[in-house]
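Visitor: Sharing target04.pdb below, PDB, C-alpha atoms and all ligand atoms:
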```pdb
ATOM      1  CA  MET A   1      43.661  -4.949  19.338
ATOM      2  CA  ARG A   2      41.704  -1.934  20.468
ATOM      3  CA  LEU A   3      39.408  -2.339  17.495
ATOM      4  CA  LEU A   4      38.827  -5.991  18.388
ATOM      5  CA  ARG A   5      37.981  -5.006  21.960
ATOM      6  CA  VAL A   6      35.514  -2.371  20.796
ATOM      7  CA  PHE A   7      33.966  -4.840  18.377
ATOM      8  CA  THR A   8      33.598  -7.465  21.126
ATOM      9  CA  ILE A   9      31.945  -4.938  23.447
ATOM     10  CA  LEU A  10      29.611  -3.881  20.646
ATOM     11  CA  LEU A  11      28.622  -7.471  20.083
ATOM     12  CA  ILE A  12      28.021  -8.198  23.783
ATOM     13  CA  VAL A  13      25.948  -5.087  24.417
ATOM     14  CA  SER A  14      23.998  -5.752  21.225
ATOM     15  CA  PHE A  15      23.006  -9.105  22.653
ATOM     16  CA  ILE A  16      22.231  -7.589  26.057
ATOM     17  CA  SER A  17      19.961  -4.884  24.673
ATOM     18  CA  TYR A  18      18.375  -7.276  22.202
ATOM     19  CA  GLY A  19      17.807  -9.804  24.963
ATOM     20  CA  CYS A  20      16.340  -7.250  27.356
ATOM     21  CA  ALA A  21      13.986  -5.908  24.763
ATOM     22  CA  SER A  22      12.752  -9.402  24.017
ATOM     23  CA  LEU A  23      12.084 -10.367  27.617
ATOM     24  CA  PRO A  24       8.397 -10.565  28.488
ATOM     25  CA  GLY A  25       6.968  -8.192  31.054
ATOM     26  CA  GLY A  26       7.975  -4.637  31.763
ATOM     27  CA  LYS A  27      11.052  -4.410  29.597
ATOM     28  CA  GLU A  28       9.577  -2.580  26.658
ATOM     29  CA  PRO A  29       9.749   1.218  26.852
ATOM     30  CA  SER A  30       6.974   2.904  28.829
ATOM     31  CA  ASP A  31       4.412   5.306  27.355
ATOM     32  CA  ALA A  32       6.290   8.135  29.047
ATOM     33  CA  ASP A  33       9.595   7.127  27.393
ATOM     34  CA  ILE A  34       7.984   6.764  23.998
ATOM     35  CA  ASN A  35       6.023  10.004  24.263
ATOM     36  CA  ALA A  36       9.118  11.912  25.341
ATOM     37  CA  GLU A  37      11.063  10.576  22.344
ATOM     38  CA  ALA A  38       8.150  11.324  20.024
ATOM     39  CA  ALA A  39       7.953  14.869  21.381
ATOM     40  CA  LYS A  40      11.644  15.330  20.540
ATOM     41  CA  ALA A  41      11.139  13.941  17.048
ATOM     42  CA  TYR A  42       8.128  16.238  16.609
ATOM     43  CA  ALA A  43      10.140  19.280  17.703
ATOM     44  CA  ASP A  44      12.754  18.258  15.138
ATOM     45  CA  VAL A  45      10.155  17.975  12.361
ATOM     46  CA  LYS A  46       8.740  21.387  13.296
ATOM     47  CA  SER A  47      12.174  23.014  13.373
ATOM     48  CA  LYS A  48      12.702  21.967   9.747
ATOM     49  CA  ALA A  49       9.152  22.559   8.503
ATOM     50  CA  ARG A  50       7.548  25.512   6.771
ATOM     51  CA  PHE A  51       4.098  26.063   8.243
ATOM     52  CA  SER A  52       1.142  26.863   6.016
ATOM     53  CA  SER A  53      -0.103  30.448   6.097
ATOM     54  CA  ASN A  54      -3.531  29.422   4.772
ATOM     55  CA  ALA A  55      -5.763  30.729   7.579
ATOM     56  CA  GLU A  56      -8.845  28.774   6.463
ATOM     57  CA  TRP A  57      -6.994  25.435   6.283
ATOM     58  CA  ASN A  58      -5.186  26.100   9.569
ATOM     59  CA  GLY A  59      -8.483  26.857  11.272
ATOM     60  CA  MET A  60      -9.975  23.653   9.873
ATOM     61  CA  VAL A  61      -7.023  21.495  10.973
ATOM     62  CA  GLN A  62      -7.124  22.953  14.479
ATOM     63  CA  ARG A  63     -10.856  22.525  15.016
ATOM     64  CA  VAL A  64     -11.025  19.030  13.523
ATOM     65  CA  ALA A  65      -7.956  17.903  15.483
ATOM     66  CA  ARG A  66      -9.463  19.300  18.692
ATOM     67  CA  ARG A  67     -12.769  17.489  18.130
ATOM     68  CA  ILE A  68     -11.051  14.186  17.340
ATOM     69  CA  GLU A  69      -8.809  14.587  20.397
ATOM     70  CA  VAL A  70     -11.834  15.099  22.633
ATOM     71  CA  ALA A  71     -13.657  12.166  21.008
ATOM     72  CA  SER A  72     -10.666   9.885  21.664
ATOM     73  CA  GLY A  73     -10.840  10.667  25.402
ATOM     74  CA  GLU A  74      -7.058  10.309  25.611
ATOM     75  CA  PRO A  75      -5.251  12.742  27.949
ATOM     76  CA  PHE A  76      -2.278  13.323  25.626
ATOM     77  CA  GLN A  77      -0.313  16.564  25.295
ATOM     78  CA  TRP A  78      -2.044  17.183  21.983
ATOM     79  CA  GLU A  79      -0.648  19.413  19.286
ATOM     80  CA  ALA A  80      -1.415  19.804  15.575
ATOM     81  CA  VAL A  81       0.398  21.668  12.807
ATOM     82  CA  LEU A  82      -0.247  22.228   9.094
ATOM     83  CA  ILE A  83       2.983  21.879   7.137
ATOM     84  CA  GLU A  84       3.488  23.440   3.705
ATOM     85  CA  SER A  85       4.414  20.469   1.508
ATOM     86  CA  PRO A  86       3.117  18.784  -1.661
ATOM     87  CA  GLU A  87       3.088  15.461   0.212
ATOM     88  CA  VAL A  88      -0.340  13.828   0.440
ATOM     89  CA  ASN A  89       0.145  12.849   4.056
ATOM     90  CA  ALA A  90      -0.830  13.238   7.693
ATOM     91  CA  TRP A  91       0.265  11.466  10.854
ATOM     92  CA  CYS A  92      -0.064  11.394  14.617
ATOM     93  CA  MET A  93       2.957  10.414  16.675
ATOM     94  CA  PRO A  94       2.687   8.525  19.958
ATOM     95  CA  GLY A  95       1.557  10.989  22.618
ATOM     96  CA  GLY A  96      -0.703  13.019  20.296
ATOM     97  CA  LYS A  97       1.661  15.039  18.093
ATOM     98  CA  ILE A  98      -0.185  15.612  14.812
ATOM     99  CA  ALA A  99       1.001  16.904  11.444
ATOM    100  CA  VAL A 100      -1.059  17.495   8.304
ATOM    101  CA  TYR A 101       0.663  18.291   4.988
ATOM    102  CA  THR A 102      -0.972  20.857   2.701
ATOM    103  CA  GLY A 103      -0.736  18.382  -0.209
ATOM    104  CA  ILE A 104      -3.536  16.309   1.286
ATOM    105  CA  MET A 105      -6.009  19.185   1.650
ATOM    106  CA  PRO A 106      -7.312  19.399  -1.952
ATOM    107  CA  VAL A 107      -7.670  15.595  -2.047
ATOM    108  CA  LEU A 108      -9.837  15.619   1.068
ATOM    109  CA  LYS A 109     -12.442  17.943  -0.426
ATOM    110  CA  THR A 110     -14.381  18.095   2.888
ATOM    111  CA  GLU A 111     -13.765  18.800   6.549
ATOM    112  CA  GLY A 112     -15.407  15.442   7.285
ATOM    113  CA  ALA A 113     -12.725  13.674   5.229
ATOM    114  CA  LEU A 114     -10.061  15.442   7.287
ATOM    115  CA  ALA A 115     -11.850  14.103  10.371
ATOM    116  CA  ALA A 116     -11.661  10.598   8.862
ATOM    117  CA  VAL A 117      -7.909  10.940   8.218
ATOM    118  CA  LEU A 118      -7.179  12.374  11.661
ATOM    119  CA  GLY A 119      -9.464   9.807  13.293
ATOM    120  CA  HIS A 120      -7.422   7.051  11.635
ATOM    121  CA  GLU A 121      -4.039   8.572  12.504
ATOM    122  CA  VAL A 122      -5.047   9.402  16.089
ATOM    123  CA  ALA A 123      -6.325   5.830  16.524
ATOM    124  CA  HIS A 124      -2.808   4.534  15.715
ATOM    125  CA  ALA A 125      -1.539   6.677  18.623
ATOM    126  CA  THR A 126      -4.293   5.861  21.138
ATOM    127  CA  LYS A 127      -4.090   2.133  20.358
ATOM    128  CA  ARG A 128      -0.304   2.284  20.853
ATOM    129  CA  HIS A 129       0.402   0.797  17.443
ATOM    130  CA  GLY A 130       3.752   2.590  17.345
ATOM    131  CA  LYS A 131       4.729   0.891  20.570
ATOM    132  CA  GLN A 132       3.621  -2.543  19.393
ATOM    133  CA  ARG A 133       5.243  -1.964  16.034
ATOM    134  CA  TYR A 134       8.340  -0.897  17.884
ATOM    135  CA  ALA A 135       8.253  -4.021  20.049
ATOM    136  CA  ARG A 136       8.052  -6.129  16.881
ATOM    137  CA  ALA A 137      10.912  -4.197  15.354
ATOM    138  CA  ILE A 138      13.036  -4.719  18.439
ATOM    139  CA  LYS A 139      12.745  -8.453  17.946
ATOM    140  CA  ASP A 140      14.404  -8.012  14.597
ATOM    141  CA  ALA A 141      18.019  -9.030  15.091
ATOM    142  CA  TYR A 142      19.420  -6.340  12.817
ATOM    143  CA  LEU A 143      17.612  -3.561  14.589
ATOM    144  CA  GLY A 144      18.564  -5.129  17.918
ATOM    145  CA  ALA A 145      22.193  -4.929  16.856
ATOM    146  CA  GLY A 146      21.751  -1.346  15.679
ATOM    147  CA  ILE A 147      20.198  -0.386  18.982
ATOM    148  CA  GLY A 148      22.944  -2.234  20.782
ATOM    149  CA  ILE A 149      25.596  -0.221  18.950
ATOM    150  CA  ALA A 150      23.871   2.975  19.996
ATOM    151  CA  GLY A 151      23.525   1.552  23.496
ATOM    152  CA  VAL A 152      27.182   0.629  23.755
ATOM    153  CA  VAL A 153      28.323   4.076  22.739
ATOM    154  CA  ALA A 154      26.243   5.574  25.522
ATOM    155  CA  SER A 155      27.007   2.891  28.093
ATOM    156  CA  GLN A 156      30.758   2.763  27.488
ATOM    157  CA  PHE A 157      31.116   6.498  27.785
ATOM    158  CA  LEU A 158      28.643   7.097  30.580
ATOM    159  CA  CYS A 159      28.446   3.927  32.683
ATOM    160  CA  LYS A 160      30.694   2.103  35.127
ATOM    161  CA  ASP A 161      28.452  -0.736  36.348
ATOM    162  CA  PRO A 162      26.484  -3.406  34.407
ATOM    163  CA  LYS A 163      23.080  -2.143  35.556
ATOM    164  CA  CYS A 164      23.819   1.273  34.141
ATOM    165  CA  LYS A 165      24.943  -0.317  30.875
ATOM    166  CA  LEU A 166      21.688  -2.206  30.706
ATOM    167  CA  PHE A 167      19.596   0.915  31.172
ATOM    168  CA  ALA A 168      21.699   2.822  28.697
ATOM    169  CA  GLY A 169      20.931   0.095  26.177
ATOM    170  CA  LEU A 170      17.210   0.402  26.876
ATOM    171  CA  GLY A 171      17.458   4.178  26.619
ATOM    172  CA  ALA A 172      18.992   3.786  23.198
ATOM    173  CA  ALA A 173      16.110   1.489  22.316
ATOM    174  CA  ALA A 174      13.639   4.244  23.233
ATOM    175  CA  ALA A 175      15.608   6.723  21.153
ATOM    176  CA  GLY A 176      15.325   4.358  18.197
ATOM    177  CA  LEU A 177      11.554   4.868  18.246
ATOM    178  CA  ALA A 178      11.724   8.142  16.386
ATOM    179  CA  VAL A 179      13.583   6.408  13.561
ATOM    180  CA  THR A 180      11.376   3.326  13.450
ATOM    181  CA  PHE A 181       8.238   5.491  13.545
ATOM    182  CA  PHE A 182       9.030   6.720  10.058
ATOM    183  CA  SER A 183      10.851   3.722   8.642
ATOM    184  CA  LEU A 184       8.422   0.935   9.484
ATOM    185  CA  LYS A 185       4.935   0.290   8.299
ATOM    186  CA  TYR A 186       1.948  -0.488  10.445
ATOM    187  CA  SER A 187       0.678  -4.045  10.072
ATOM    188  CA  ARG A 188      -2.499  -4.832   8.197
ATOM    189  CA  GLY A 189      -4.194  -5.624  11.529
ATOM    190  CA  ASP A 190      -3.193  -2.199  12.879
ATOM    191  CA  GLU A 191      -4.611  -0.546   9.773
ATOM    192  CA  THR A 192      -7.932  -2.325  10.168
ATOM    193  CA  GLU A 193      -8.174  -1.328  13.825
ATOM    194  CA  ALA A 194      -7.229   2.283  13.025
ATOM    195  CA  ASP A 195      -9.909   2.362  10.313
ATOM    196  CA  GLN A 196     -12.567   1.091  12.714
ATOM    197  CA  VAL A 197     -11.597   3.202  15.731
ATOM    198  CA  GLY A 198     -10.957   6.236  13.518
ATOM    199  CA  GLN A 199     -14.456   5.943  12.079
ATOM    200  CA  GLN A 200     -15.824   5.868  15.645
ATOM    201  CA  TYR A 201     -13.792   8.942  16.618
ATOM    202  CA  MET A 202     -15.008  10.970  13.650
ATOM    203  CA  ALA A 203     -18.603   9.966  14.406
ATOM    204  CA  LYS A 204     -18.287  10.901  18.093
ATOM    205  CA  ALA A 205     -16.681  14.180  16.988
ATOM    206  CA  GLY A 206     -19.862  14.942  15.020
ATOM    207  CA  TYR A 207     -18.756  14.116  11.453
ATOM    208  CA  ASP A 208     -20.817  11.872   9.179
ATOM    209  CA  PRO A 209     -18.915   8.541   9.346
ATOM    210  CA  SER A 210     -20.022   7.532   5.844
ATOM    211  CA  GLU A 211     -17.491  10.097   4.584
ATOM    212  CA  ALA A 212     -14.659   7.707   5.592
ATOM    213  CA  SER A 213     -15.073   5.215   2.757
ATOM    214  CA  ARG A 214     -15.653   8.065   0.244
ATOM    215  CA  LEU A 215     -12.394   9.612   1.444
ATOM    216  CA  TRP A 216     -10.373   6.458   0.724
ATOM    217  CA  GLU A 217     -11.908   6.282  -2.744
ATOM    218  CA  ARG A 218     -10.781   9.846  -3.427
ATOM    219  CA  MET A 219      -7.345   9.059  -2.016
ATOM    220  CA  ALA A 220      -7.001   6.035  -4.277
ATOM    221  CA  SER A 221      -7.790   8.049  -7.407
ATOM    222  CA  ALA A 222      -5.795  11.127  -6.366
ATOM    223  CA  GLY A 223      -2.296  10.053  -7.268
ATOM    224  CA  GLY A 224      -2.750   9.006 -10.915
ATOM    225  CA  SER A 225      -0.089   6.444 -11.719
ATOM    226  CA  LYS A 226       1.771   7.109  -8.462
ATOM    227  CA  PRO A 227      -0.336   6.460  -5.337
ATOM    228  CA  PRO A 228      -0.358   9.159  -2.640
ATOM    229  CA  GLU A 229       2.230   8.835   0.106
ATOM    230  CA  LEU A 230      -0.415   8.005   2.705
ATOM    231  CA  LEU A 231      -1.592   5.034   0.649
ATOM    232  CA  SER A 232       1.868   3.550   0.258
ATOM    233  CA  THR A 233       1.850   2.939   4.013
ATOM    234  CA  HIS A 234      -1.931   2.668   4.294
ATOM    235  CA  PRO A 235      -2.991   0.241   1.561
ATOM    236  CA  SER A 236      -6.405   0.901   0.150
ATOM    237  CA  ASP A 237      -8.423  -1.974  -1.193
ATOM    238  CA  SER A 238     -11.957  -3.223  -1.522
ATOM    239  CA  THR A 239     -11.682  -5.014   1.837
ATOM    240  CA  ARG A 240     -11.009  -1.734   3.536
ATOM    241  CA  ARG A 241     -14.086  -0.034   2.097
ATOM    242  CA  ALA A 242     -16.203  -3.148   2.740
ATOM    243  CA  ASN A 243     -15.049  -3.049   6.371
ATOM    244  CA  LEU A 244     -15.912   0.623   6.731
ATOM    245  CA  ASP A 245     -19.352   0.020   5.234
ATOM    246  CA  GLY A 246     -19.844  -2.939   7.573
ATOM    247  CA  TRP A 247     -19.015  -0.860  10.655
ATOM    248  CA  LEU A 248     -21.167   2.045   9.494
ATOM    249  CA  PRO A 249     -24.332   1.183  11.471
ATOM    250  CA  GLY A 250     -22.342   1.196  14.742
ATOM    251  CA  ALA A 251     -20.617   4.431  13.784
ATOM    252  CA  MET A 252     -23.940   6.016  12.776
ATOM    253  CA  ALA A 253     -25.293   5.245  16.272
ATOM    254  CA  LEU A 254     -22.343   7.165  17.742
ATOM    255  CA  TYR A 255     -22.902   9.989  15.256
ATOM    256  CA  ASN A 256     -26.594  10.203  16.164
ATOM    257  CA  ALA A 257     -25.629  10.423  19.837
ATOM    258  CA  ALA A 258     -23.007  13.148  19.218
ATOM    259  CA  PRO A 259     -23.789  16.434  21.007
ATOM    260  CA  GLN A 260     -22.954  18.474  17.871
ATOM    261  CA  LYS A 261     -23.364  17.336  14.264
ATOM    262  CA  TYR A 262     -21.451  18.870  11.381
ATOM    263  CA  GLY A 263     -22.269  16.401   8.582
ATOM    264  CA  THR A 264     -19.311  16.512   6.179
ATOM    265  CA  GLY A 265     -18.410  19.978   7.486
ATOM    266  CA  ALA A 266     -17.078  22.823   5.359
ATOM    267  CA  PRO A 267     -15.695  22.185   1.856
ATOM    268  CA  VAL A 268     -11.924  22.400   1.453
ATOM    269  CA  ARG A 269     -11.297  25.360  -0.832
TER
HETATM  270 ZN    ZN B   1      -2.737   3.836   9.190
END
```
Would you encode the structure as structure tokens?
Ligand SMILES: [Zn+2]
Guide:
Amino acid sequence: MRLLRVFTILLIVSFISYGCASLPGGKEPSDADINAEAAKAYADVKSKARFSSNAEWNGMVQRVARRIEVASGEPFQWEAVLIESPEVNAWCMPGGKIAVYTGIMPVLKTEGALAAVLGHEVAHATKRHGKQRYARAIKDAYLGAGIGIAGVVASQFLCKDPKCKLFAGLGAAAAGLAVTFFSLKYSRGDETEADQVGQQYMAKAGYDPSEASRLWERMASAGGSKPPELLSTHPSDSTRRANLDGWLPGAMALYNAAPQKYGTGAPVR
């Protein structure tokens, strides 16, 4: 009987949290909630990571990240780390928490290509793609149920009144962000926007924006039969490079107006 009761409560709270998350206006987690959860997830990643001791690469990651951050104009609590790993990958969590994996460095070949990658990843964060992606995910009934189960555990143990239970459910939804950040893919529309905005960021940061489409070519040929990790979530195709070439005149105008110009920057050695 007790099991049946628990199951019933699980089901009800699942519906409550799913319903709340689906309501229009003000019910999705705030930037502050999402950034706080992302910061926790980032701390977790860092606690398990081995940082690169390559001084030259670390210096490059820090200066490129800083320039892209400034170019984005976003007042995040920025942070960037270089993680020792063969993974060909880089990402920026909501709120400006950046990681670059050493596996991507030889593929980049130039500092400008790193600027293109970080421009793209930072654009996902500044355009709140994680949040939108999260909102989409919430509308998935299975995830809604999963969040509800997490919510009910919290609410049943911590709450006495229905309002508290509701907020506990929403809190669990925010906590789910860290998981969905890694498990879900950005949409094709998000990728296109991140490509465009990322190209603008790199140009404003003083890097030759024509390096962006050359970077994706190198990425595509880097993995041999198995495509690099970054490409499995960031599909590369002719449309993508055609887009980048199409936006180039606008990006070049930003580059020409940049206070400092670095071209393609230093080579990655
Ligand atoms: Zn992307």
Visitor: Taking the file as I've supplied it (selection: the PyMOL selection byres (((chain A and resi 82) around 12) and not hetatm)), which residues are included? Please answer as number ranges by chain.
Guide: A: 45-46, 49-62, 65, 79-81, 83-87, 89-91, 97-105
Visitor: Which residues sit within 10 Å of ligand ZN 1 (chain B), counting all atoms listed in the file, listed as a VMD selection string?
Guide: chain A and resid 90 to 92 117 to 125 129 185 to 195 198 230 to 231 233 to 235
Visitor: Kindly indicate which residue among A:Met202, A:Ala43, A:Ala38, A:Val107 lies nearest to Ala251 in chain A, using only C-alpha atoms for the distances.
Guide: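 For Ala251 in chain A, the nearest of the candidates is A:Met202.
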Visitor: Which residue is closest to Ala205 in chain A? Choose from A:Ala220, A:Ala257, A:Ala266, A:Ala172 and count only C-alpha atoms.
Guide: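 Counting only C-alpha atoms, the residue closest to Ala205 in chain A is A:Ala257.
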Visitor: Take CA of Asn35 in chain A and CA of Pro94 in chain A and report the distance between them in Å, one decimal.
Guide: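 Calculated distance between CA of Asn35 in chain A and CA of Pro94 in chain A is 5.6 Å.
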Visitor: What is the distance between CA of Tyr255 in chain A and CA of Leu108 in chain A, in Å to one decimal?
Guide: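 A separation of 20.1 Å between them.
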Visitor: Excluding range 258-264 of chain A and its own-chain neighbours fewer than 2 positions away, which residues fall within 7 Å of it when counting all atoms listed in the file? Please give them as a ChimeraX atom specification.
Guide: /A:110-112,204-208,211,254-256,266
Visitor: Tell me, as a ChimeraX atom specification, which residues lie within 10 Å of Leu244 in chain A, counting all atoms listed in the file; anything in the same chain fewer than 2 positions away does not count.
Guide: /A:192,195-196,199,209-214,238-242,246-249,251
Visitor: Provide the CA of Phe76 in chain A to CA of Thr126 in chain A distance in Å, to one decimal place.
Guide: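 Separation of CA of Phe76 in chain A and CA of Thr126 in chain A: 8.9 Å.
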Visitor: Evaluated on this file, the PyMOL selection byres (((chain A and resi 34) around 8) and not hetatm) picks out some residues - which ones are they, written as a PyMOL selection string?
Guide: chain A and resi 29-33+35-38+94-95+131+174+177
Visitor: With C-alpha atoms retained, write the just-selected residues as a CSV table (one decimal), in the frame of the given file.
Guide:
```
chain,number,residue,atom,x,y,z
A,29,PRO,CA,9.7,1.2,26.9
A,30,SER,CA,7.0,2.9,28.8
A,31,ASP,CA,4.4,5.3,27.4
A,32,ALA,CA,6.3,8.1,29.0
A,33,ASP,CA,9.6,7.1,27.4
A,35,ASN,CA,6.0,10.0,24.3
A,36,ALA,CA,9.1,11.9,25.3
A,37,GLU,CA,11.1,10.6,22.3
A,38,ALA,CA,8.2,11.3,20.0
A,94,PRO,CA,2.7,8.5,20.0
A,95,GLY,CA,1.6,11.0,22.6
A,131,LYS,CA,4.7,0.9,20.6
A,174,ALA,CA,13.6,4.2,23.2
A,177,LEU,CA,11.6,4.9,18.2
```
